[in-house]
Structure formats: structure tokens, C-alpha cells
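Printed here is my_file18.txt (compact mmCIF, C-alpha atoms):
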# COMPACT_ATOMS: atom_id res chain seq x y z
CA MET A 1 60.49 -116.19 -10.28
CA ASP A 2 63.09 -115.29 -12.89
CA ALA A 3 66.50 -117.00 -12.74
CA ARG A 4 68.12 -113.60 -12.86
CA GLU A 5 66.37 -112.74 -9.59
CA ALA A 6 67.12 -116.08 -7.94
CA THR A 7 70.83 -116.08 -8.87
CA SER A 8 73.38 -113.50 -7.82
CA PRO A 9 74.54 -111.19 -10.64
CA ALA A 10 78.12 -112.47 -10.38
CA LEU A 11 77.15 -116.14 -10.59
CA LEU A 12 74.76 -115.45 -13.46
CA ALA A 13 77.55 -113.66 -15.36
CA TRP A 14 79.82 -116.66 -14.83
CA ARG A 15 77.18 -119.06 -16.11
CA SER A 16 76.23 -116.84 -19.06
CA ASN A 17 79.57 -116.13 -20.73
CA ARG A 18 82.07 -118.27 -22.61
CA ARG A 19 84.06 -115.43 -24.19
CA GLY A 20 85.93 -112.67 -22.41
CA VAL A 21 89.18 -110.76 -22.08
CA LEU A 22 92.06 -112.48 -20.33
CA MET A 23 94.61 -110.10 -18.89
CA CYS A 24 98.06 -111.55 -19.54
CA GLY A 25 100.07 -109.19 -17.37
CA GLU A 26 99.11 -105.84 -18.87
CA ILE A 27 98.17 -107.33 -22.24
CA PRO A 28 94.43 -107.89 -22.86
CA HIS A 29 93.62 -111.00 -24.91
CA LYS A 30 90.11 -111.65 -26.24
CA THR A 31 89.47 -115.37 -25.99
CA GLY A 32 86.94 -118.12 -25.72
CA PHE A 33 87.06 -120.55 -22.83
CA ALA A 34 85.34 -123.71 -21.64
CA VAL A 35 84.48 -124.94 -18.15
CA CYS A 36 84.34 -128.60 -17.17
CA PRO A 37 80.86 -129.14 -15.64
CA ARG A 38 82.23 -131.93 -13.43
CA THR A 39 85.37 -130.32 -11.96
CA GLY A 40 85.11 -126.60 -12.75
CA VAL A 41 88.49 -126.63 -14.54
CA VAL A 42 88.75 -123.83 -17.10
CA ALA A 43 90.38 -124.43 -20.50
CA VAL A 44 91.95 -121.59 -22.48
CA PRO A 45 94.19 -121.80 -25.56
CA LEU A 46 96.80 -119.06 -25.22
CA PRO A 47 99.35 -117.76 -27.71
CA THR A 48 102.67 -118.92 -26.33
CA THR A 49 104.06 -115.39 -26.29
CA LEU A 50 101.17 -114.20 -24.11
CA LEU A 51 101.55 -117.15 -21.77
CA SER A 52 105.13 -116.10 -21.19
CA ALA A 53 104.46 -112.37 -21.01
CA GLY A 54 101.38 -112.72 -18.85
CA ALA A 55 102.74 -114.77 -15.99
CA GLU A 56 102.64 -112.62 -12.87
CA PHE A 57 104.57 -114.28 -10.07
CA SER A 58 103.71 -113.49 -6.47
CA ALA A 59 106.02 -113.93 -3.51
CA ASP A 60 105.14 -117.64 -3.25
CA GLY A 61 105.79 -118.25 -6.94
CA ALA A 62 102.13 -118.57 -7.91
CA THR A 63 100.94 -117.46 -11.33
CA HIS A 64 97.64 -115.64 -11.80
CA PHE A 65 95.60 -114.29 -14.69
CA VAL A 66 92.40 -112.21 -14.55
CA LEU A 67 89.50 -112.99 -16.88
CA PHE A 68 87.02 -110.15 -17.53
CA LEU A 69 83.48 -111.11 -18.56
CA PRO A 70 82.10 -110.22 -20.99
CA ASP A 71 84.76 -107.59 -21.70
CA GLU A 72 87.33 -105.40 -19.98
CA SER A 73 85.38 -102.75 -18.09
CA GLU A 74 84.67 -101.50 -14.58
CA THR A 75 81.31 -103.32 -14.61
CA ALA A 76 82.72 -106.67 -15.76
CA LEU A 77 82.90 -109.85 -13.73
CA GLN A 78 86.57 -110.33 -12.83
CA VAL A 79 87.64 -113.96 -12.36
CA LEU A 80 91.01 -114.83 -10.84
CA LEU A 81 92.48 -117.82 -12.69
CA SER A 82 95.49 -119.86 -11.63
CA PRO A 83 97.07 -122.22 -14.16
CA ARG A 84 97.49 -125.77 -12.92
CA VAL A 85 101.17 -126.46 -12.42
CA VAL A 86 102.73 -129.75 -13.51
CA ASP A 87 106.38 -128.91 -12.85
CA PRO A 88 107.14 -125.67 -10.96
CA GLU A 89 110.83 -125.99 -11.85
CA GLU A 90 110.19 -126.14 -15.61
CA THR A 91 111.41 -122.96 -17.31
CA ASP A 92 109.39 -123.58 -20.49
CA LEU A 93 105.90 -122.36 -19.59
CA ARG A 94 104.40 -124.62 -22.26
CA GLU A 95 105.58 -127.59 -20.20
CA ARG A 96 105.14 -126.11 -16.73
CA PHE A 97 101.36 -126.00 -16.82
CA GLU A 98 98.74 -128.74 -17.17
CA THR A 99 97.03 -129.35 -20.50
CA PRO A 100 93.21 -129.64 -20.30
CA LYS A 101 91.84 -133.11 -20.89
CA GLU A 102 90.66 -133.95 -24.39
CA GLU A 103 86.98 -133.88 -23.43
CA LEU A 104 87.35 -130.30 -22.19
CA ARG A 105 89.22 -129.25 -25.34
CA ASP A 106 86.38 -130.82 -27.34
CA ARG A 107 83.89 -128.78 -25.29
CA TRP A 108 85.82 -125.64 -26.23
CA LEU A 109 85.57 -126.57 -29.92
CA MET A 110 81.84 -127.30 -29.51
CA LEU A 111 81.34 -123.83 -28.05
CA HIS A 112 83.54 -121.85 -30.42
CA LEU A 113 83.67 -124.09 -33.53
CA GLU A 114 86.97 -122.83 -34.95
CA PRO A 115 90.18 -124.37 -33.55
CA PRO A 116 92.67 -122.03 -31.83
CA ARG A 117 94.67 -120.01 -34.29
CA GLY A 118 98.43 -119.78 -34.57
CA ASP A 119 100.93 -120.96 -31.99
CA ALA A 120 98.54 -121.68 -29.12
CA THR A 121 99.25 -123.55 -25.88
CA TRP A 122 96.31 -125.19 -24.11
CA VAL A 123 96.30 -124.34 -20.40
CA ALA A 124 94.11 -125.73 -17.61
CA PHE A 125 93.14 -123.13 -15.01
CA ASP A 126 91.44 -123.23 -11.62
CA ALA A 127 88.94 -120.43 -10.98
CA GLU A 128 90.00 -119.19 -7.54
CA SER A 129 87.52 -116.37 -6.98
CA ALA A 130 85.48 -113.75 -8.79
CA ARG A 131 84.27 -110.22 -8.11
CA LEU A 132 81.46 -108.13 -9.53
CA GLY A 133 81.13 -104.79 -7.79
CA ARG A 134 80.96 -105.62 -4.08
CA GLU A 135 79.94 -109.23 -4.63
CA VAL A 136 82.63 -111.90 -4.29
CA LEU A 137 82.39 -115.56 -5.31
CA ASP A 138 84.67 -118.28 -3.95
CA ASP A 139 85.85 -121.33 -5.86
CA ASP A 140 82.93 -123.45 -4.62
CA ALA A 141 80.41 -120.99 -6.03
CA LEU A 142 82.21 -120.90 -9.38
CA ARG A 143 81.77 -124.68 -9.67
CA SER A 144 78.18 -124.70 -8.42
CA PHE A 145 76.60 -125.53 -11.78
CA SER A 146 78.23 -128.99 -11.80
CA ALA A 147 75.15 -130.60 -10.21
CA LEU A 148 73.75 -131.14 -13.73
CA HIS A 149 76.92 -132.54 -15.30
CA GLU A 150 75.77 -136.18 -15.43
CA SER A 151 72.48 -135.35 -17.13
CA GLU A 152 73.76 -132.52 -19.37
CA PRO A 153 73.96 -134.58 -22.62
CA LYS A 154 70.32 -135.67 -22.29
CA LEU A 155 69.21 -132.17 -21.33
CA VAL A 156 70.92 -130.66 -24.37
CA LYS A 157 69.40 -133.34 -26.60
CA ARG A 158 65.96 -132.55 -25.18
CA ALA A 159 66.43 -128.84 -25.92
CA ASN A 160 67.57 -129.53 -29.49
CA SER A 161 64.77 -131.97 -30.33
CA ASP A 162 63.04 -129.24 -32.37
CA ARG A 163 65.55 -126.63 -33.52
CA ALA A 164 62.94 -124.34 -35.05
CA ARG A 165 60.98 -124.34 -31.79
CA LEU A 166 64.19 -123.66 -29.87
CA ALA A 167 64.99 -120.70 -32.12
CA ARG A 168 61.55 -119.19 -31.51
CA ALA A 169 61.92 -119.72 -27.76
CA CYS A 170 65.36 -118.09 -27.78
CA LEU A 171 63.99 -115.06 -29.60
CA ILE A 172 61.42 -114.57 -26.84
CA ALA A 173 63.83 -115.41 -24.00
CA THR A 174 66.72 -113.21 -25.17
CA GLY A 175 65.06 -110.62 -27.38
CA SER A 176 67.49 -111.48 -30.18
CA ASP A 177 67.21 -113.55 -33.34
CA LEU A 178 69.92 -116.15 -32.68
CA THR A 179 70.61 -117.43 -36.17
CA GLY A 180 71.52 -121.11 -36.18
CA ALA A 181 70.60 -121.53 -32.51
CA ILE A 182 71.65 -124.81 -30.94
CA ALA A 183 71.91 -125.67 -27.25
CA VAL A 184 75.44 -126.73 -26.27
CA GLU A 185 75.43 -126.56 -22.46
CA ALA A 186 72.95 -126.67 -19.59
CA ASN A 187 73.43 -125.17 -16.14
CA PRO A 188 71.01 -124.30 -13.31
CA SER A 189 70.38 -120.83 -14.75
CA GLY A 190 69.56 -121.88 -18.31
CA LEU A 191 70.81 -123.15 -21.65
CA LEU A 192 73.92 -121.87 -23.36
CA ILE A 193 72.95 -121.37 -26.99
CA ARG A 194 75.57 -121.30 -29.73
CA HIS A 195 74.62 -119.16 -32.71
CA LYS A 196 76.18 -117.29 -35.61
CA LEU A 197 77.53 -114.47 -33.45
CA GLY A 198 78.67 -116.39 -30.37
CA VAL A 199 77.16 -118.00 -27.26
CA THR A 200 74.16 -116.62 -25.33
CA LEU A 201 72.31 -117.81 -22.22
CA ALA A 202 68.61 -118.54 -22.63
CA ALA A 203 67.55 -118.22 -18.99
CA PHE A 204 65.20 -120.58 -17.20
CA GLY A 205 62.27 -119.20 -15.25
CA ASN A 206 63.56 -120.86 -12.06
CA GLU A 207 66.81 -122.40 -10.91
CA ALA A 208 67.23 -126.07 -11.86
CA HIS A 209 69.09 -128.17 -9.31
CA ASP A 210 68.61 -131.67 -10.73
CA ARG A 211 67.65 -133.43 -13.95
CA GLU A 212 63.91 -133.40 -13.26
CA SER A 213 63.72 -129.69 -12.54
CA ALA A 214 65.99 -128.94 -15.51
CA GLU A 215 63.69 -130.93 -17.81
CA ARG A 216 60.70 -128.94 -16.55
CA GLU A 217 62.50 -125.67 -17.17
CA ILE A 218 63.58 -126.72 -20.67
CA ASP A 219 60.02 -127.72 -21.53
CA ALA A 220 58.71 -124.40 -20.19
CA LEU A 221 61.33 -122.50 -22.16
CA LEU A 222 60.47 -124.32 -25.38
CA ALA A 223 56.75 -123.75 -24.78
CA ARG A 224 57.40 -120.01 -24.93
CA GLY A 225 58.23 -120.53 -28.59
CA ASP A 226 54.73 -121.86 -29.21
CA ALA A 227 53.02 -118.61 -28.24
Render the structure in this file as C-alpha cells.
Amino acid sequence: MDAREATSPALLAWRSNRRGVLMCGEIPHKTGFAVCPRTGVVAVPLPTTLLSAGAEFSADGATHFVLFLPDESETALQVLLSPRVVDPEETDLRERFETPKEELRDRWLMLHLEPPRGDATWVAFDAESARLGREVLDDDALRSFSALHESEPKLVKRANSDRARLARACLIATGSDLTGAIAVEANPSGLLIRHKLGVTLAAFGNEAHDRESAEREIDALLARGDA
């Protein structure tokens, strides 16, 4: 059974992408993001001008942004993000919203390598819901990959034990030559592989719900590179 058959298209899109287009009001902003595997908090560095221009306030004073994955289109996964508020009375948006913890900012740098450019403000978001076509995900579903968070470092180390073997396996799994392939995240659907052109999911054959099943799936994925 292929992970793409076992997992809903919307959830697979959420697990597969770490770059997208964040709609700041009516202004599209291409950006990388990171997701905490323990809490589901989303970290995005935003140009301060876009943070100000993009805040859309509803009747209850809430602020929402929409993240399109992988890009802005009718077929994209649309994720509703709400920035975490520290002080709702603060007029300076750079101080109103919560800053992601250092470990999550480090995860962003691990995924995207280059630090945020220009006058960027780090913002911690909660993923409230997501929609892909008629499918809708709630916040629990968006955090569902966190079951592997405690074992993720060891799983990533296992995948990277033979980088050449990993590269061959990724070529077979994705159909693309991922130059400089290195595993940086693990979730139940597969490994997120950082390479020269970005981040790509190398899918497992079956869903992995704990460390033991994830290890089996990683070993099976790597074995595909031996063919």
C-alpha cells in the first residue's frame, strides 16, 4: 500500500511541503516555513511591512493569513493560519505576536539554509484548518504527524547513514535527481529531503505511526536504492 493511497491528499500535501505562498491581505508572499513536530506551531519570518499590511481583522479582532501549498492556485492546499497573540492591545505588530522558540527557528534554517532576508519579523502561527477541494482538515489533523517527534533525530540519522544510498533511493522514490539529498525531517508519510532546489518528500510505502514502523519504512526506502 502506497502512503499516497493511505493518506488523504490534503494531509499528504501538508506533510510534503515546506515552501508556499502566504497571502498577506491581498499580497502574495513566497516563503519557507517550519512546523514544530511536537506542538504543530508554524514558524514564518515575515517582512514587517507585509505583517502590517496582511493583518485581516474579523469582528472579534482575530488575525488570519492563508498559506497556499505549494503555490497560489485553485488546486492548492489552503491552510488558515492565526498568529499567536502575546498582547492584543499592542499597536506594533512586531510586538503583538509571539516569536517562535529558538528550536523552531533553527528547524527553519535547517530546512531552508539561508537566514531570512531584510527586515523580517519571526511569527508563530497556529494552523486552524485546511482545505483541498472538498476535503477539510481540522487543527488536530494538521498536527497528526507529531507522533514521531521524540524519535525524529534518530530516524533522520538512520536515513542519512549512507548519503549516496539515500540519493539513489530518492531518485527512485521521487523520479528526480535530488542533488545533495539529505533527510531533515521524518513524518508518518515519509522523509523530507533537502536538496539543491528545495525540500521534497520521499514517501514511505506505508504509514509509520511509531519509531519501529518508521525504521522499517526507512530501511525499505533505502533498499530501493540498492536495486
Q. Pick the closest to A:Ser82 from A:Asp138, A:Asp210, A:Glu102, A:Glu128: which is it, counting all atoms listed in the file?
A. A:Glu128
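We find atom CA of A:Gly40 and atom CA of A:Arg143 to be spaced 4.9 Å apart.
Remark: for A:Val136, the closest of the candidate residues A:Met110, A:Leu166, A:Leu104, A:Leu80 is A:Leu80 (distances computed over all atoms listed in the file).
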Q. Between A:Ile193, A:Leu222, A:Leu77, A:Leu132, which has the minimum distance to A:Asp162 (counting only C-alpha atoms)?
A.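 Among the listed residues, the smallest separation from A:Asp162 belongs to A:Leu222.
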Q) Within 10 Å of A:Ser129, counting all atoms listed in the file, which residues qualify if same-chain residues fewer than 3 places away don't, as a list in words? A)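 Returned residues: Val66, Gln78, Val79, Leu80, Leu81, Ser82, Asp126, Val136, Leu137, Asp138, Asp139, Asp140, Ala141 and Leu142 of chain A.
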How would the residues just picked look written out with C-alpha atoms as a CSV table (one decimal), keeping the file's coordinate frame?
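The new file part.csv reads:
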chain,number,residue,atom,x,y,z
A,66,VAL,CA,92.4,-112.2,-14.6
A,78,GLN,CA,86.6,-110.3,-12.8
A,79,VAL,CA,87.6,-114.0,-12.4
A,80,LEU,CA,91.0,-114.8,-10.8
A,81,LEU,CA,92.5,-117.8,-12.7
A,82,SER,CA,95.5,-119.9,-11.6
A,126,ASP,CA,91.4,-123.2,-11.6
A,136,VAL,CA,82.6,-111.9,-4.3
A,137,LEU,CA,82.4,-115.6,-5.3
A,138,ASP,CA,84.7,-118.3,-4.0
A,139,ASP,CA,85.8,-121.3,-5.9
A,140,ASP,CA,82.9,-123.4,-4.6
A,141,ALA,CA,80.4,-121.0,-6.0
A,142,LEU,CA,82.2,-120.9,-9.4
Q: Return the single residue from A:Ala173, A:Leu50, A:Cys36, A:Ala147 that is closest to A:Glu103, with distances computed using only C-alpha atoms.
A: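 Closest to A:Glu103 of all the choices is A:Cys36.
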Please, what is the axis-aligned box for every listed atom of stretch 207-215 of chain A with 5 Å on each side, as centre and edge lengths in Å to one decimal, as JSON?
{"center_x": 66.4, "center_y": -127.9, "center_z": -13.6, "size_x": 15.4, "size_y": 21.0, "size_z": 18.5}
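Between atom CA of A:Arg84 and atom CA of A:Thr99 there is a distance of 8.4 Å.
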Q: Mind listing whatever residues come within 8 Å of the point (71.2, -125.5, -25.9)? Use all atoms listed in the file, file coordinates, and give them as a list in words.
A: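 Checked against the point, the hits come out as Val156, Ala159, Asn160, Ala181, Ile182, Ala183, Val184, Glu185, Ala186, Leu191, Leu192, Ile193 and Arg194 of chain A.
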Q. Looking at only C-alpha atoms, which of A:Thr39, A:Ala13, A:Val86, A:Val123 is the one that sits closest to A:Leu51?
A.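 For A:Leu51, the nearest of the candidates is A:Val123.
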Final N, CA, C and O atoms of stretch 71-82 of chain A as a PDB file, keeping the file's coordinate frame:
ATOM      1  N   ASP A  71      83.659-108.350 -21.109  1.00  0.00           N
ATOM      2  CA  ASP A  71      84.760-107.590 -21.700  1.00  0.00           C
ATOM      3  C   ASP A  71      85.473-106.822 -20.601  1.00  0.00           C
ATOM      4  O   ASP A  71      85.059-106.846 -19.432  1.00  0.00           O
ATOM      5  N   GLU A  72      86.548-106.143 -20.959  1.00  0.00           N
ATOM      6  CA  GLU A  72      87.330-105.400 -19.980  1.00  0.00           C
ATOM      7  C   GLU A  72      86.655-104.074 -19.670  1.00  0.00           C
ATOM      8  O   GLU A  72      86.651-103.158 -20.485  1.00  0.00           O
ATOM      9  N   SER A  73      86.049-103.974 -18.495  1.00  0.00           N
ATOM     10  CA  SER A  73      85.380-102.750 -18.090  1.00  0.00           C
ATOM     11  C   SER A  73      85.223-102.748 -16.579  1.00  0.00           C
ATOM     12  O   SER A  73      85.435-103.768 -15.915  1.00  0.00           O
ATOM     13  N   GLU A  74      84.846-101.609 -16.032  1.00  0.00           N
ATOM     14  CA  GLU A  74      84.670-101.500 -14.580  1.00  0.00           C
ATOM     15  C   GLU A  74      83.463-102.307 -14.102  1.00  0.00           C
ATOM     16  O   GLU A  74      83.385-102.660 -12.927  1.00  0.00           O
ATOM     17  N   THR A  75      82.518-102.588 -14.992  1.00  0.00           N
ATOM     18  CA  THR A  75      81.310-103.320 -14.610  1.00  0.00           C
ATOM     19  C   THR A  75      81.402-104.812 -14.926  1.00  0.00           C
ATOM     20  O   THR A  75      80.435-105.535 -14.749  1.00  0.00           O
ATOM     21  N   ALA A  76      82.560-105.268 -15.374  1.00  0.00           N
ATOM     22  CA  ALA A  76      82.720-106.670 -15.760  1.00  0.00           C
ATOM     23  C   ALA A  76      82.894-107.571 -14.539  1.00  0.00           C
ATOM     24  O   ALA A  76      83.353-107.130 -13.470  1.00  0.00           O
ATOM     25  N   LEU A  77      82.540-108.833 -14.700  1.00  0.00           N
ATOM     26  CA  LEU A  77      82.900-109.850 -13.730  1.00  0.00           C
ATOM     27  C   LEU A  77      84.393-110.125 -13.890  1.00  0.00           C
ATOM     28  O   LEU A  77      84.871-110.373 -14.998  1.00  0.00           O
ATOM     29  N   GLN A  78      85.136-110.073 -12.794  1.00  0.00           N
ATOM     30  CA  GLN A  78      86.570-110.330 -12.830  1.00  0.00           C
ATOM     31  C   GLN A  78      86.850-111.654 -12.125  1.00  0.00           C
ATOM     32  O   GLN A  78      86.557-111.809 -10.936  1.00  0.00           O
ATOM     33  N   VAL A  79      87.395-112.610 -12.872  1.00  0.00           N
ATOM     34  CA  VAL A  79      87.640-113.960 -12.360  1.00  0.00           C
ATOM     35  C   VAL A  79      89.145-114.182 -12.248  1.00  0.00           C
ATOM     36  O   VAL A  79      89.875-114.036 -13.235  1.00  0.00           O
ATOM     37  N   LEU A  80      89.593-114.534 -11.057  1.00  0.00           N
ATOM     38  CA  LEU A  80      91.010-114.830 -10.840  1.00  0.00           C
ATOM     39  C   LEU A  80      91.266-116.282 -11.225  1.00  0.00           C
ATOM     40  O   LEU A  80      90.684-117.196 -10.654  1.00  0.00           O
ATOM     41  N   LEU A  81      92.143-116.485 -12.209  1.00  0.00           N
ATOM     42  CA  LEU A  81      92.480-117.820 -12.690  1.00  0.00           C
ATOM     43  C   LEU A  81      93.925-118.155 -12.359  1.00  0.00           C
ATOM     44  O   LEU A  81      94.816-117.324 -12.538  1.00  0.00           O
ATOM     45  N   SER A  82      94.136-119.373 -11.897  1.00  0.00           N
ATOM     46  CA  SER A  82      95.490-119.860 -11.630  1.00  0.00           C
ATOM     47  C   SER A  82      95.750-121.075 -12.487  1.00  0.00           C
ATOM     48  O   SER A  82      95.010-122.072 -12.398  1.00  0.00           O
TER      49      SER A  82
END
